[in-house]
Amino acid sequence: MDDTLSGTSLKKSFGKSLLYSLPMILITFMFISGGRPDFSNPSSALAMMITFILVNVLYFLMHYTGKTDKFRAILFIIFALSLSFTLISNMLEMRNSMSFSQADILECKIPFCHLVIPMMILPAAFTKSIIFPGSILGSFAGIASMVVLWLVATLVLGRGFCSWGCFYGGWDDGFSRIRKKPVIKKISDSWKWMPFAVLFMVALTSALSLGPTYCDWICPFKAVTEFEEVTSVASAAKAGVFISLFAGLVVILPFLTRKRTQCSFLCPLGAINTLSNKITPFTVKIDKANCSECFKCVAACPLFALTQEGIRNGKVSVFCSKCGKCIDACSRNAIHYGIKGVPAGTMKKFSRNLFLFISFLFMAVFSSGSIVNTFRGLLDLIF
Amino acid sequence: MLESFILGLSTGSACLLTCGMVMFPYLMSGSSGVKRITIDLSVFLLTRMLVYALLSVAAWYLGRAFFTNQVVRSVVPGILYIVFAGMLIWYAIDRNRQKNCPAKFVTTVNNRKLIPIFLGVVNSLGFCPALYLVLTKGASEESLAGSLTAFLAFFIGSSLWFLPLPLAGKIKKKKILETIGILATGLAGIIFIIKGLTSLIGGIING
């Protein structure tokens with residue numbers, strides 16, 4: 001076993017990496033092709049093939065190089081971009097516009113996203129009704145399927161959902177990687193509690209107004225998905241808020257700080273996922289015996305989950321999204337994926353293999369539909 | 001109504017966390033169990049409600065006197081919202097904010113029965129940006145009932161925080177709760193800045 005592994009590489013040989021990738025190859029083939037590859041539509045078949053190869057090459061490289069975040073981020077960012085592409089193209093197809101009207105709301109035609117979940121809980125408990133004007137069992141972004149997917153993911157991955165399952169996270173993750181060094185280096189630790197304040201506000205206001213207040217007034221991703229038709233000063237103000245928050249928290253601040261500021265300072269679902277980190281079996285552990293206290297991991301962490309004091313005490317906070325950036329930054333493998341109950345520094349490879357398989361499989365399956373759609377759309381545009 | 005409730009709810013947390021530790025011992029001192037605590041807390045909350053009711057009436061009459069037409073009724077509150085909401089945000093981010101409770105003077109009151117009433121008056125009249133905002137809202141309401149409702153919602157929102165006061169000593173992570181409360185106050189400020197801008201622009205367009 002790898003119980004004695006200390007400061008050694010997580011790299012694997014070509015053959016071993018391929019062997020570890022086989023289950024992923026088989027499962028993603030089934031999901032992407034639906035079990036029966038259809039070659040009647042060339043652009044569709046090509047899109048599926050590109051997605052299949054992309055997903056599996058990235059997973060293979062995770063094993064082959066021993067690096068996690070580098071390859072996770074590629075799929076994560078493509079996922080975010082492709083979701084917006086798919087959503088916008090769907091909106092244009094259905095309504096000829098990115099904005100929705102009051103009629104769309106009355107007909108429950110608004111696509112559901114997981115960020116609504118924190119607002120649904122109280123109204124659903126007290127009034128037995130869903131406050132979101134979407135379709136419960138609809139095939140495209142239906143409420144039931146999204147809630148079940150999120151629930152399973154958050155119970156298994158905890159806040160790992162924010163780095164392996166969220167189809168918005170790739171936006172600020174992407175912008176946080178553009179600069180090599182941050183311009184703004186010191187950010188008060190207190191700001192990481194902001195999502196809890198937002199969660200508190202939106203949960204209660206949604207319960208009182210019986211409407212999704214976060215979607216109505218705050219969500220920065222409205223700027224890249226769908227938004228209310230601008231027909232009044234209030235709707236113009238909303239559009240202004242969406243665009244300002246997107247520009248500030250998703251583009252400018254991540255670019256300047258190299259941190260995922262939207263996820264760290266605003267997202268109310270992130271707050272819930274932080275709490276679920278306490279019950280998930282997977283965690284990130286610090287092997288104090290190998291740690292040289294260089295704090296490269298602290299600087300690398302995009303979600304303020306690591307502090308120098310925490311590293312000295314061998315503790316990773318509940319804000320960790322298990323993205324693997326700190327693990328990639330550590331040359332001594334002193335920080336690693338772990339399983340709760342298993343001592344730090346032991347079963348490093350086993351924990352990593354198990355976590356990567358589950359989390360990457362979730363991301364691959366969850367993202368493949370929109371990535372295929374995006375590639376198909378792009379191929380149709382080009383040819 | 002919802003905005004006033006949010007305002008009360010968000011600022012109530014910060015208010016409780018700065019004043020709670022001063023008020024708690026006085027509300028609870030010499031208490032003989034839950035009954036006594038409940039009576040003191042009820043008197044305190046009732047006093048607050050009465051003061052807010054009086055303020056709502058005063059604000060509405062002042063609003064009628066000064067906000068003479070529909071445009072002024074949009075533009076002036078719009079400006080006031082922006083200014084007071086700015087003050088509220090400043091309160092939230094100011095590292096040197098007043099950490100002492102304005103109700104500290106009750107330590108000089110000898111009559112114990114009067115303490116909850118004094119605390120209720122001081123707490124509701126502790127002029128802070130949140131109260132200025134709800135006063136502006138009360139003044140810009142069309143009807144007296146609207147003004148009363150706004151203050152009632154503010155009262156309910158802020159009072160929710162006082163209900164678990166007897167358990168205050170058992171809360172472990174006070175610092176984290178205080179931080180979340182302060183951040184929520186800042187968020188409420190942002191909401192009112194947007195409301196102020198909307199009202200101001202609406203007033204200018206209509207004017």
# chains A, B, ... in the order shown; residues from 1 in each chain; ligands from 1
>>> interface_residues(of="chain B", to="chain A", cutoff="10 Å", atoms="only C-alpha atoms", output="PyMOL selection string")
chain B and resi 1-3+5-7+9-10+176-177+179-188+191+194-195+197-202+205
>>> write_last_selection(atoms="C-alpha atoms", output="mmCIF file, in the first residue's frame")
data_model
loop_
_atom_site.group_PDB
_atom_site.id
_atom_site.type_symbol
_atom_site.label_atom_id
_atom_site.label_comp_id
_atom_site.auth_asym_id
_atom_site.auth_seq_id
_atom_site.Cartn_x
_atom_site.Cartn_y
_atom_site.Cartn_z
ATOM 1 C CA MET B 1 -43.028 46.077 3.811
ATOM 2 C CA LEU B 2 -40.441 43.517 2.715
ATOM 3 C CA GLU B 3 -37.682 46.148 2.496
ATOM 4 C CA PHE B 5 -38.397 43.824 7.297
ATOM 5 C CA ILE B 6 -35.046 43.135 5.610
ATOM 6 C CA LEU B 7 -33.647 46.327 7.064
ATOM 7 C CA LEU B 9 -33.589 41.874 10.206
ATOM 8 C CA SER B 10 -30.159 42.787 8.915
ATOM 9 C CA ILE B 176 -18.496 34.796 13.356
ATOM 10 C CA LEU B 177 -22.144 35.693 13.982
ATOM 11 C CA THR B 179 -19.232 39.340 11.246
ATOM 12 C CA ILE B 180 -22.180 37.823 9.362
ATOM 13 C CA GLY B 181 -24.540 40.329 11.030
ATOM 14 C CA ILE B 182 -22.350 43.288 10.071
ATOM 15 C CA LEU B 183 -22.044 42.032 6.483
ATOM 16 C CA ALA B 184 -25.827 41.594 6.303
ATOM 17 C CA THR B 185 -26.160 45.211 7.446
ATOM 18 C CA GLY B 186 -23.931 46.287 4.574
ATOM 19 C CA LEU B 187 -26.077 44.245 2.161
ATOM 20 C CA ALA B 188 -29.208 45.982 3.450
ATOM 21 C CA ILE B 191 -30.439 47.241 -1.279
ATOM 22 C CA ILE B 194 -30.512 50.600 -5.364
ATOM 23 C CA LYS B 195 -33.960 51.543 -4.109
ATOM 24 C CA LEU B 197 -31.358 55.236 -7.256
ATOM 25 C CA THR B 198 -34.514 53.669 -8.705
ATOM 26 C CA SER B 199 -36.701 56.195 -6.902
ATOM 27 C CA LEU B 200 -34.461 59.123 -7.883
ATOM 28 C CA ILE B 201 -34.238 58.160 -11.572
ATOM 29 C CA GLY B 202 -37.982 57.398 -11.652
ATOM 30 C CA ILE B 205 -37.950 60.756 -15.595
#
>>> residues_around(residues="Met62 in chain A", least_positions_apart="5", cutoff="12 Å", atoms="only C-alpha atoms", output="VMD selection string")
chain A and resid 10 to 14 16 to 18 20 to 21 55 to 57 67 to 75 324 328 352 to 353 356 to 357 360
>>> residues_around(residues="Asp380 in chain A", least_positions_apart="4", cutoff="9 Å", atoms="only C-alpha atoms", output="mmCIF file with C-alpha atoms, in the first residue's frame")
data_model
loop_
_atom_site.group_PDB
_atom_site.id
_atom_site.type_symbol
_atom_site.label_atom_id
_atom_site.label_comp_id
_atom_site.auth_asym_id
_atom_site.auth_seq_id
_atom_site.Cartn_x
_atom_site.Cartn_y
_atom_site.Cartn_z
ATOM 1 C CA SER A 43 -21.663 17.412 -36.794
ATOM 2 C CA PHE A 375 -19.296 21.838 -30.160
ATOM 3 C CA ARG A 376 -22.230 20.887 -32.407
#
>>> select_by_dssp(residues="range 48-285 of chain A", states="helix (DSSP H, G or I)", output="PyMOL selection string")
chain A and resi 48-65+69-95+102-106+114-127+143-164+169-175+189-209+213-218+220-224+233-257+261-265+268-276
>>> residues_around(residues="range 260-267 of chain A", least_positions_apart="6", cutoff="9 Å", atoms="only C-alpha atoms", output="PDB file with N, CA and C atoms, in the first residue's frame")
ATOM      1  N   LEU A 115     -28.512  27.585  -8.053  1.00  0.00           N
ATOM      2  CA  LEU A 115     -28.385  28.717  -7.127  1.00  0.00           C
ATOM      3  C   LEU A 115     -29.726  29.082  -6.485  1.00  0.00           C
ATOM      4  N   CYS A 162     -18.574  22.996  -5.705  1.00  0.00           N
ATOM      5  CA  CYS A 162     -18.244  24.325  -6.246  1.00  0.00           C
ATOM      6  C   CYS A 162     -17.075  24.278  -7.239  1.00  0.00           C
ATOM      7  N   GLY A 169     -19.068  28.273 -11.781  1.00  0.00           N
ATOM      8  CA  GLY A 169     -17.765  28.470 -11.124  1.00  0.00           C
ATOM      9  C   GLY A 169     -16.618  28.669 -12.102  1.00  0.00           C
ATOM     10  N   TRP A 171     -16.416  30.424 -14.625  1.00  0.00           N
ATOM     11  CA  TRP A 171     -16.241  31.802 -15.082  1.00  0.00           C
ATOM     12  C   TRP A 171     -15.176  32.526 -14.260  1.00  0.00           C
ATOM     13  N   ASP A 172     -15.399  32.585 -12.917  1.00  0.00           N
ATOM     14  CA  ASP A 172     -14.390  33.334 -12.138  1.00  0.00           C
ATOM     15  C   ASP A 172     -13.117  32.516 -11.951  1.00  0.00           C
ATOM     16  N   ASP A 173     -13.242  31.192 -12.030  1.00  0.00           N
ATOM     17  CA  ASP A 173     -12.029  30.356 -11.994  1.00  0.00           C
ATOM     18  C   ASP A 173     -11.142  30.722 -13.202  1.00  0.00           C
ATOM     19  N   GLY A 174     -11.783  30.851 -14.339  1.00  0.00           N
ATOM     20  CA  GLY A 174     -11.049  31.197 -15.567  1.00  0.00           C
ATOM     21  C   GLY A 174     -10.382  32.560 -15.471  1.00  0.00           C
ATOM     22  N   PHE A 175     -11.137  33.565 -15.047  1.00  0.00           N
ATOM     23  CA  PHE A 175     -10.567  34.916 -14.961  1.00  0.00           C
ATOM     24  C   PHE A 175      -9.485  35.006 -13.875  1.00  0.00           C
ATOM     25  N   SER A 176      -9.587  34.142 -12.853  1.00  0.00           N
ATOM     26  CA  SER A 176      -8.578  34.194 -11.777  1.00  0.00           C
ATOM     27  C   SER A 176      -7.234  33.616 -12.231  1.00  0.00           C
ATOM     28  N   TRP A 191     -14.335  38.713   4.844  1.00  0.00           N
ATOM     29  CA  TRP A 191     -15.204  38.701   3.667  1.00  0.00           C
ATOM     30  C   TRP A 191     -15.687  37.294   3.319  1.00  0.00           C
ATOM     31  N   LYS A 192     -14.950  36.274   3.756  1.00  0.00           N
ATOM     32  CA  LYS A 192     -15.377  34.918   3.369  1.00  0.00           C
ATOM     33  C   LYS A 192     -16.685  34.513   4.051  1.00  0.00           C
ATOM     34  N   TRP A 193     -17.124  35.321   5.030  1.00  0.00           N
ATOM     35  CA  TRP A 193     -18.411  35.042   5.682  1.00  0.00           C
ATOM     36  C   TRP A 193     -19.569  35.693   4.935  1.00  0.00           C
ATOM     37  N   MET A 194     -19.243  36.490   3.931  1.00  0.00           N
ATOM     38  CA  MET A 194     -20.287  37.203   3.188  1.00  0.00           C
ATOM     39  C   MET A 194     -21.354  36.265   2.594  1.00  0.00           C
ATOM     40  N   PRO A 195     -20.974  35.118   1.987  1.00  0.00           N
ATOM     41  CA  PRO A 195     -22.020  34.242   1.438  1.00  0.00           C
ATOM     42  C   PRO A 195     -23.064  33.823   2.483  1.00  0.00           C
ATOM     43  N   PHE A 196     -22.636  33.754   3.743  1.00  0.00           N
ATOM     44  CA  PHE A 196     -23.601  33.396   4.790  1.00  0.00           C
ATOM     45  C   PHE A 196     -24.588  34.545   5.029  1.00  0.00           C
ATOM     46  N   ALA A 197     -24.075  35.785   4.954  1.00  0.00           N
ATOM     47  CA  ALA A 197     -24.964  36.945   5.090  1.00  0.00           C
ATOM     48  C   ALA A 197     -25.938  36.979   3.910  1.00  0.00           C
ATOM     49  N   VAL A 198     -25.414  36.690   2.705  1.00  0.00           N
ATOM     50  CA  VAL A 198     -26.272  36.672   1.507  1.00  0.00           C
ATOM     51  C   VAL A 198     -27.303  35.545   1.642  1.00  0.00           C
ATOM     52  N   LEU A 199     -26.845  34.389   2.086  1.00  0.00           N
ATOM     53  CA  LEU A 199     -27.748  33.242   2.263  1.00  0.00           C
ATOM     54  C   LEU A 199     -28.866  33.590   3.241  1.00  0.00           C
ATOM     55  N   CYS A 219     -28.135  37.805  -8.795  1.00  0.00           N
ATOM     56  CA  CYS A 219     -27.309  36.827  -9.506  1.00  0.00           C
ATOM     57  C   CYS A 219     -26.454  37.432 -10.642  1.00  0.00           C
ATOM     58  N   PRO A 220     -25.129  37.422 -10.500  1.00  0.00           N
ATOM     59  CA  PRO A 220     -24.276  38.011 -11.538  1.00  0.00           C
ATOM     60  C   PRO A 220     -24.346  37.258 -12.859  1.00  0.00           C
ATOM     61  N   LEU A 245     -22.235  43.306 -10.951  1.00  0.00           N
ATOM     62  CA  LEU A 245     -21.713  42.203 -10.135  1.00  0.00           C
ATOM     63  C   LEU A 245     -20.899  41.235 -10.989  1.00  0.00           C
ATOM     64  N   PHE A 246     -21.364  41.003 -12.190  1.00  0.00           N
ATOM     65  CA  PHE A 246     -20.610  40.100 -13.078  1.00  0.00           C
ATOM     66  C   PHE A 246     -19.242  40.713 -13.388  1.00  0.00           C
ATOM     67  N   GLY A 248     -17.626  43.026 -11.709  1.00  0.00           N
ATOM     68  CA  GLY A 248     -16.799  43.187 -10.514  1.00  0.00           C
ATOM     69  C   GLY A 248     -16.316  41.873  -9.922  1.00  0.00           C
ATOM     70  N   LEU A 249     -17.267  40.980  -9.655  1.00  0.00           N
ATOM     71  CA  LEU A 249     -16.922  39.770  -8.897  1.00  0.00           C
ATOM     72  C   LEU A 249     -16.486  38.589  -9.766  1.00  0.00           C
ATOM     73  N   VAL A 250     -16.887  38.598 -11.016  1.00  0.00           N
ATOM     74  CA  VAL A 250     -16.555  37.445 -11.864  1.00  0.00           C
ATOM     75  C   VAL A 250     -15.382  37.755 -12.797  1.00  0.00           C
ATOM     76  N   LEU A 253     -12.287  41.438 -10.176  1.00  0.00           N
ATOM     77  CA  LEU A 253     -11.628  41.007  -8.928  1.00  0.00           C
ATOM     78  C   LEU A 253     -10.885  39.676  -9.063  1.00  0.00           C
ATOM     79  N   PRO A 254     -11.460  38.659  -9.701  1.00  0.00           N
ATOM     80  CA  PRO A 254     -10.663  37.440  -9.901  1.00  0.00           C
ATOM     81  C   PRO A 254      -9.378  37.705 -10.675  1.00  0.00           C
ATOM     82  N   PRO A 302      -7.805  29.358  -4.023  1.00  0.00           N
ATOM     83  CA  PRO A 302      -8.633  30.410  -4.597  1.00  0.00           C
ATOM     84  C   PRO A 302      -9.858  30.771  -3.747  1.00  0.00           C
ATOM     85  N   LEU A 303     -10.088  30.030  -2.671  1.00  0.00           N
ATOM     86  CA  LEU A 303     -11.320  30.250  -1.885  1.00  0.00           C
ATOM     87  C   LEU A 303     -11.059  30.602  -0.422  1.00  0.00           C
ATOM     88  N   PHE A 304      -9.886  31.053  -0.093  1.00  0.00           N
ATOM     89  CA  PHE A 304      -9.545  31.475   1.276  1.00  0.00           C
ATOM     90  C   PHE A 304      -9.750  30.342   2.296  1.00  0.00           C
ATOM     91  N   PHE A 319     -14.133  25.785   4.144  1.00  0.00           N
ATOM     92  CA  PHE A 319     -14.349  26.518   2.898  1.00  0.00           C
ATOM     93  C   PHE A 319     -13.702  25.816   1.692  1.00  0.00           C
TER      94      PHE A 319
END
>>> select_by_dssp(residues="range 285-347 of chain A", states="strand (DSSP E)", output="list in words")
Lys285, Ile286, Ile335, His336, Tyr337, Gly338 and Ile339 of chain A
>>> residues_around(residues="range 55-71 of chain B", least_positions_apart="5", cutoff="6 Å", atoms="only C-alpha atoms", output="ChimeraX atom specification")
/B:135,138-140,147-148,203,207
>>> write_last_selection(atoms="C-alpha atoms", output="PDB file, in the first residue's frame")
ATOM      1  CA  LEU B 135     -38.104  57.120   8.707  1.00  0.00           C
ATOM      2  CA  GLY B 138     -42.460  56.096   6.454  1.00  0.00           C
ATOM      3  CA  ALA B 139     -42.388  59.707   5.253  1.00  0.00           C
ATOM      4  CA  SER B 140     -42.682  58.741   1.585  1.00  0.00           C
ATOM      5  CA  SER B 147     -46.084  54.169   7.234  1.00  0.00           C
ATOM      6  CA  LEU B 148     -47.291  52.141  10.226  1.00  0.00           C
ATOM      7  CA  GLY B 203     -38.679  60.830 -10.142  1.00  0.00           C
ATOM      8  CA  GLY B 207     -40.540  65.151 -13.633  1.00  0.00           C
TER       9      GLY B 207
END
>>> residues_around(residues="Gly120 in chain B", least_positions_apart="4", cutoff="9 Å", atoms="only C-alpha atoms", output="list in words")
Val43, Phe44, Leu45, Leu46, Thr47, Arg48, Met49, Val51, Ile115, Pro116, Ser124 and Leu125 of chain B
